[in-house]
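The structure under discussion appears below in the form of structure tokens.
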Amino acid sequence: MARAIDVLAIVLFLVAASAFAFGLKALSDLEDFRALYLLIVGALALRASTEMLRPRSGST
């Protein structure tokens, strides 16, 4: 089960990285709303990825 969670965290990290990249591309194309949406999606995916990998206190 831990391996599946690690794989999911890596996939979320890759989603975050690609969302940031597409968000920066949208910023350079002056598409403000699309850029803002993609940067928010990237931030939330990155946070979810790090939360999944953070060790929990009290778990064995």
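Ordering of the structure tokens sets the chain letters (A, B, ...); residue numbers start at 1 within each chain; ligands are numbered from 1 in the order shown.
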
> Per DSSP on the backbone, what are the alpha helix (DSSP H) residues of chain A, as a ChimeraX atom specification?
Replying inline: /A:2-28,32-53

With only C-alpha atoms as the counted atoms, please give the residues lying no more than 6 Å from range 35-49 of chain A, apart from itself and same-chain residues fewer than 5 positions off, as a PDB file with N, CA and C atoms, in the first residue's frame.
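File written: result_30.pdb
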ATOM      1  N   ALA A   9       1.895   9.957  -5.251  1.00  0.00           N
ATOM      2  CA  ALA A   9       2.545  11.227  -4.897  1.00  0.00           C
ATOM      3  C   ALA A   9       3.457  11.701  -6.027  1.00  0.00           C
ATOM      4  N   LEU A  12       1.225  13.059  -8.777  1.00  0.00           N
ATOM      5  CA  LEU A  12       0.754  14.391  -8.400  1.00  0.00           C
ATOM      6  C   LEU A  12       1.851  15.440  -8.551  1.00  0.00           C
ATOM      7  N   PHE A  13       3.082  15.072  -8.229  1.00  0.00           N
ATOM      8  CA  PHE A  13       4.200  15.997  -8.402  1.00  0.00           C
ATOM      9  C   PHE A  13       4.400  16.329  -9.880  1.00  0.00           C
ATOM     10  N   ALA A  16       1.738  18.655 -10.952  1.00  0.00           N
ATOM     11  CA  ALA A  16       2.034  20.004 -10.466  1.00  0.00           C
ATOM     12  C   ALA A  16       3.092  20.674 -11.333  1.00  0.00           C
ATOM     13  N   ALA A  19       1.549  21.604 -14.654  1.00  0.00           N
ATOM     14  CA  ALA A  19       0.615  22.721 -14.503  1.00  0.00           C
ATOM     15  C   ALA A  19       1.367  24.041 -14.342  1.00  0.00           C
ATOM     16  N   PHE A  20       2.450  24.014 -13.572  1.00  0.00           N
ATOM     17  CA  PHE A  20       3.272  25.221 -13.444  1.00  0.00           C
ATOM     18  C   PHE A  20       3.870  25.624 -14.789  1.00  0.00           C
ATOM     19  N   GLY A  23       1.189  26.984 -16.932  1.00  0.00           N
ATOM     20  CA  GLY A  23       0.788  28.271 -16.371  1.00  0.00           C
ATOM     21  C   GLY A  23       1.756  29.381 -16.742  1.00  0.00           C
ATOM     22  N   ALA A  26       1.137  30.189 -20.328  1.00  0.00           N
ATOM     23  CA  ALA A  26      -0.071  31.006 -20.467  1.00  0.00           C
ATOM     24  C   ALA A  26       0.197  32.447 -20.046  1.00  0.00           C
ATOM     25  N   LEU A  27       1.046  32.629 -19.041  1.00  0.00           N
ATOM     26  CA  LEU A  27       1.413  33.997 -18.645  1.00  0.00           C
ATOM     27  C   LEU A  27       2.153  34.713 -19.760  1.00  0.00           C
TER      28      LEU A  27
END
